[in-house]
Amino acid sequence: MPPTEAVLEGTWELVKASDPGGANKIVLEINDQGRVTSVTNFVGGTSFRQNNATGQTTLAGLDILIQTSTNLKFEAVFNDEITEAVGTQFTEFTLFGVTTTIDEGEATLKRI
């Protein structure tokens, strides 16, 4: 039986509320097991794709948590159709055993 997170399989776009045009967005690829397999960062007209990115998603009801090896963390709540989630984007990293979390503000995750 597939995990609950399997419904997330596909391509997702994460855009901060402070950047409604999406010039600086993140595109996530999620496999049929609900795991992040690639992360592409768009900054202006330049993109940086990390095909070896790893990460996990946790789906509990309509609550979602995404954490990736690229220091992205996203906590949100999906709509009933599980096509869009609104929440908070964070940058999170651990250095010398100390975890630092930076609140990047409100963001929206949409299936594309």
# chains A, B, ... in the order shown; residues from 1 in each chain; ligands from 1

$ select_by_dssp --residues "chain A" --states "strand (DSSP E or B)" --output "NGL selection string"
:A and (10-16 or 25-30 or 35-43 or 46-50 or 55-60 or 63-68 or 72-78 or 84-95 or 98-111)

$ residues_around --residues "Phe74 in chain A" --least-positions-apart "5" --cutoff "6 Å" --atoms "only C-alpha atoms" --output "VMD selection string"
chain A and resid 65 to 66 88 to 89

$ write_last_selection --atoms "C-alpha atoms" --output "compact mmCIF listing (two decimals), in the first residue's frame"
# COMPACT_ATOMS: atom_id res chain seq x y z
CA LEU A 65 5.56 19.56 6.16
CA ILE A 66 8.32 19.52 3.54
CA THR A 88 5.24 29.51 5.90
CA GLN A 89 8.55 28.96 4.14

$ atom_distance --atom1 "CA of Gln56 in chain A" --atom2 "CA of Asn31 in chain A"
10.4 Å

$ residues_around --residues "Ala23 in chain A" --least-positions-apart "3" --cutoff "10 Å" --atoms "only C-alpha atoms" --output "list in words"
Val15, Lys16, Asp19, Pro20, Ile26, Asn41, Phe42, Val43, Gly44, Gly45 and Thr46 of chain A

$ closest_residue --among "A:Leu8, A:Ala53, A:Leu72, A:Leu14" --to "Leu109 in chain A" --atoms "only C-alpha atoms"
A:Leu14

$ residues_around --residues "Gly55 in chain A" --least-positions-apart "6" --cutoff "8 Å" --atoms "only C-alpha atoms" --output "list in words"
Arg35, Val36, Thr37, Ile66, Gln67, Thr68 and Ser69 of chain A

$ write_last_selection --atoms "C-alpha atoms" --output "PDB file, in the first residue's frame"
ATOM      1  CA  ARG A  35       9.829  11.977  -1.414  1.00  0.00           C
ATOM      2  CA  VAL A  36      11.446  15.089  -2.863  1.00  0.00           C
ATOM      3  CA  THR A  37      13.731  14.053  -5.749  1.00  0.00           C
ATOM      4  CA  ILE A  66       8.317  19.520   3.538  1.00  0.00           C
ATOM      5  CA  GLN A  67      11.985  19.415   4.499  1.00  0.00           C
ATOM      6  CA  THR A  68      14.795  19.126   1.953  1.00  0.00           C
ATOM      7  CA  SER A  69      18.553  18.710   1.871  1.00  0.00           C
TER       8      SER A  69
END

$ closest_residue --among "A:Thr108, A:Thr4, A:Gln33, A:Asn24" --to "Ser47 in chain A" --atoms "only C-alpha atoms"
A:Asn24

$ closest_residue --among "A:Lys110, A:Thr83, A:Asn71, A:Thr57" --to "Gly22 in chain A" --atoms "only C-alpha atoms"
A:Lys110

$ decode --residues "chain A" --atoms "C-alpha atoms" --output "PDB file, in the first residue's frame"
ATOM      1  CA  MET A   1       0.000   0.000   0.000  1.00  0.00           C
ATOM      2  CA  PRO A   2       1.446   3.407  -0.952  1.00  0.00           C
ATOM      3  CA  PRO A   3       2.121   5.972   1.768  1.00  0.00           C
ATOM      4  CA  THR A   4      -0.308   8.833   2.387  1.00  0.00           C
ATOM      5  CA  GLU A   5       2.227  11.215   0.822  1.00  0.00           C
ATOM      6  CA  ALA A   6       1.916   9.407  -2.556  1.00  0.00           C
ATOM      7  CA  VAL A   7      -0.891  11.847  -3.464  1.00  0.00           C
ATOM      8  CA  LEU A   8       1.833  14.503  -3.719  1.00  0.00           C
ATOM      9  CA  GLU A   9       3.518  12.830  -6.706  1.00  0.00           C
ATOM     10  CA  GLY A  10       4.284  15.389  -9.394  1.00  0.00           C
ATOM     11  CA  THR A  11       5.686  18.878  -9.848  1.00  0.00           C
ATOM     12  CA  TRP A  12       4.990  21.676  -7.374  1.00  0.00           C
ATOM     13  CA  GLU A  13       5.782  25.389  -7.412  1.00  0.00           C
ATOM     14  CA  LEU A  14       6.516  27.282  -4.183  1.00  0.00           C
ATOM     15  CA  VAL A  15       6.164  31.075  -4.360  1.00  0.00           C
ATOM     16  CA  LYS A  16       6.529  33.551  -1.507  1.00  0.00           C
ATOM     17  CA  ALA A  17       3.695  36.011  -0.923  1.00  0.00           C
ATOM     18  CA  SER A  18       6.286  38.815  -1.070  1.00  0.00           C
ATOM     19  CA  ASP A  19       7.053  37.793  -4.707  1.00  0.00           C
ATOM     20  CA  PRO A  20       3.609  37.414  -6.340  1.00  0.00           C
ATOM     21  CA  GLY A  21       5.123  37.349  -9.850  1.00  0.00           C
ATOM     22  CA  GLY A  22       7.163  34.294  -8.903  1.00  0.00           C
ATOM     23  CA  ALA A  23      10.503  35.592 -10.234  1.00  0.00           C
ATOM     24  CA  ASN A  24      12.192  33.901  -7.261  1.00  0.00           C
ATOM     25  CA  LYS A  25      10.420  30.585  -6.863  1.00  0.00           C
ATOM     26  CA  ILE A  26      11.231  26.977  -6.037  1.00  0.00           C
ATOM     27  CA  VAL A  27      10.013  24.007  -8.073  1.00  0.00           C
ATOM     28  CA  LEU A  28       9.904  20.615  -6.341  1.00  0.00           C
ATOM     29  CA  GLU A  29       9.639  17.179  -7.945  1.00  0.00           C
ATOM     30  CA  ILE A  30       8.024  14.589  -5.665  1.00  0.00           C
ATOM     31  CA  ASN A  31       8.004  10.876  -6.471  1.00  0.00           C
ATOM     32  CA  ASP A  32       5.281   8.266  -5.997  1.00  0.00           C
ATOM     33  CA  GLN A  33       6.458   7.639  -2.436  1.00  0.00           C
ATOM     34  CA  GLY A  34       6.077  11.300  -1.470  1.00  0.00           C
ATOM     35  CA  ARG A  35       9.829  11.977  -1.414  1.00  0.00           C
ATOM     36  CA  VAL A  36      11.446  15.089  -2.863  1.00  0.00           C
ATOM     37  CA  THR A  37      13.731  14.053  -5.749  1.00  0.00           C
ATOM     38  CA  SER A  38      14.776  17.415  -7.206  1.00  0.00           C
ATOM     39  CA  VAL A  39      14.683  21.065  -6.266  1.00  0.00           C
ATOM     40  CA  THR A  40      15.017  23.905  -8.776  1.00  0.00           C
ATOM     41  CA  ASN A  41      15.544  27.446  -7.514  1.00  0.00           C
ATOM     42  CA  PHE A  42      14.650  30.298  -9.849  1.00  0.00           C
ATOM     43  CA  VAL A  43      16.316  33.630  -9.133  1.00  0.00           C
ATOM     44  CA  GLY A  44      15.345  36.252 -11.681  1.00  0.00           C
ATOM     45  CA  GLY A  45      16.091  34.664 -15.062  1.00  0.00           C
ATOM     46  CA  THR A  46      18.514  32.040 -13.712  1.00  0.00           C
ATOM     47  CA  SER A  47      17.676  28.565 -12.456  1.00  0.00           C
ATOM     48  CA  PHE A  48      19.665  26.139 -10.325  1.00  0.00           C
ATOM     49  CA  ARG A  49      18.488  22.520 -10.431  1.00  0.00           C
ATOM     50  CA  GLN A  50      19.603  20.022  -7.799  1.00  0.00           C
ATOM     51  CA  ASN A  51      18.744  16.551  -9.083  1.00  0.00           C
ATOM     52  CA  ASN A  52      20.335  14.802  -6.140  1.00  0.00           C
ATOM     53  CA  ALA A  53      18.297  16.716  -3.585  1.00  0.00           C
ATOM     54  CA  THR A  54      16.648  14.624  -0.949  1.00  0.00           C
ATOM     55  CA  GLY A  55      13.797  15.413   1.314  1.00  0.00           C
ATOM     56  CA  GLN A  56      10.716  14.189   2.977  1.00  0.00           C
ATOM     57  CA  THR A  57       7.121  15.193   3.062  1.00  0.00           C
ATOM     58  CA  THR A  58       4.730  14.538   5.899  1.00  0.00           C
ATOM     59  CA  LEU A  59       1.014  14.754   5.256  1.00  0.00           C
ATOM     60  CA  ALA A  60      -1.354  14.563   8.236  1.00  0.00           C
ATOM     61  CA  GLY A  61      -4.895  15.298   7.152  1.00  0.00           C
ATOM     62  CA  LEU A  62      -4.474  18.539   5.201  1.00  0.00           C
ATOM     63  CA  ASP A  63      -1.344  19.639   7.110  1.00  0.00           C
ATOM     64  CA  ILE A  64       1.903  19.323   5.178  1.00  0.00           C
ATOM     65  CA  LEU A  65       5.556  19.559   6.164  1.00  0.00           C
ATOM     66  CA  ILE A  66       8.317  19.520   3.538  1.00  0.00           C
ATOM     67  CA  GLN A  67      11.985  19.415   4.499  1.00  0.00           C
ATOM     68  CA  THR A  68      14.795  19.126   1.953  1.00  0.00           C
ATOM     69  CA  SER A  69      18.553  18.710   1.871  1.00  0.00           C
ATOM     70  CA  THR A  70      18.654  22.173   0.249  1.00  0.00           C
ATOM     71  CA  ASN A  71      17.719  23.791   3.595  1.00  0.00           C
ATOM     72  CA  LEU A  72      14.085  24.346   2.587  1.00  0.00           C
ATOM     73  CA  LYS A  73      11.348  23.818   5.128  1.00  0.00           C
ATOM     74  CA  PHE A  74       7.677  24.499   4.396  1.00  0.00           C
ATOM     75  CA  GLU A  75       4.759  24.111   6.814  1.00  0.00           C
ATOM     76  CA  ALA A  76       1.265  24.641   5.446  1.00  0.00           C
ATOM     77  CA  VAL A  77      -2.347  23.537   5.119  1.00  0.00           C
ATOM     78  CA  PHE A  78      -3.732  22.166   1.842  1.00  0.00           C
ATOM     79  CA  ASN A  79      -7.087  22.964   0.307  1.00  0.00           C
ATOM     80  CA  ASP A  80      -9.582  20.068   0.181  1.00  0.00           C
ATOM     81  CA  GLU A  81      -8.449  19.053  -3.332  1.00  0.00           C
ATOM     82  CA  ILE A  82      -4.774  18.897  -2.286  1.00  0.00           C
ATOM     83  CA  THR A  83      -3.772  21.166  -5.177  1.00  0.00           C
ATOM     84  CA  GLU A  84      -2.678  24.225  -3.198  1.00  0.00           C
ATOM     85  CA  ALA A  85      -1.229  24.810   0.261  1.00  0.00           C
ATOM     86  CA  VAL A  86      -0.688  28.109   2.041  1.00  0.00           C
ATOM     87  CA  GLY A  87       1.785  28.353   4.878  1.00  0.00           C
ATOM     88  CA  THR A  88       5.241  29.513   5.903  1.00  0.00           C
ATOM     89  CA  GLN A  89       8.550  28.957   4.138  1.00  0.00           C
ATOM     90  CA  PHE A  90      11.725  28.623   6.179  1.00  0.00           C
ATOM     91  CA  THR A  91      15.431  28.247   5.553  1.00  0.00           C
ATOM     92  CA  GLU A  92      16.772  25.768   8.094  1.00  0.00           C
ATOM     93  CA  PHE A  93      20.325  24.560   8.567  1.00  0.00           C
ATOM     94  CA  THR A  94      22.479  22.954  11.239  1.00  0.00           C
ATOM     95  CA  LEU A  95      26.036  24.082  11.857  1.00  0.00           C
ATOM     96  CA  PHE A  96      28.212  22.666  14.634  1.00  0.00           C
ATOM     97  CA  GLY A  97      25.198  20.962  16.157  1.00  0.00           C
ATOM     98  CA  VAL A  98      23.096  24.128  16.321  1.00  0.00           C
ATOM     99  CA  THR A  99      19.974  24.341  14.160  1.00  0.00           C
ATOM    100  CA  THR A 100      19.042  27.771  12.846  1.00  0.00           C
ATOM    101  CA  THR A 101      15.600  28.451  11.357  1.00  0.00           C
ATOM    102  CA  ILE A 102      14.927  31.624   9.370  1.00  0.00           C
ATOM    103  CA  ASP A 103      11.287  32.558   8.725  1.00  0.00           C
ATOM    104  CA  GLU A 104      11.021  33.493   5.021  1.00  0.00           C
ATOM    105  CA  GLY A 105       7.364  34.462   5.333  1.00  0.00           C
ATOM    106  CA  GLU A 106       4.105  33.290   3.831  1.00  0.00           C
ATOM    107  CA  ALA A 107       4.275  31.144   0.705  1.00  0.00           C
ATOM    108  CA  THR A 108       1.956  29.117  -1.515  1.00  0.00           C
ATOM    109  CA  LEU A 109       2.633  25.659  -2.913  1.00  0.00           C
ATOM    110  CA  LYS A 110       0.729  24.771  -6.106  1.00  0.00           C
ATOM    111  CA  ARG A 111       0.660  21.699  -8.283  1.00  0.00           C
ATOM    112  CA  ILE A 112       1.830  22.559 -11.794  1.00  0.00           C
TER     113      ILE A 112
END
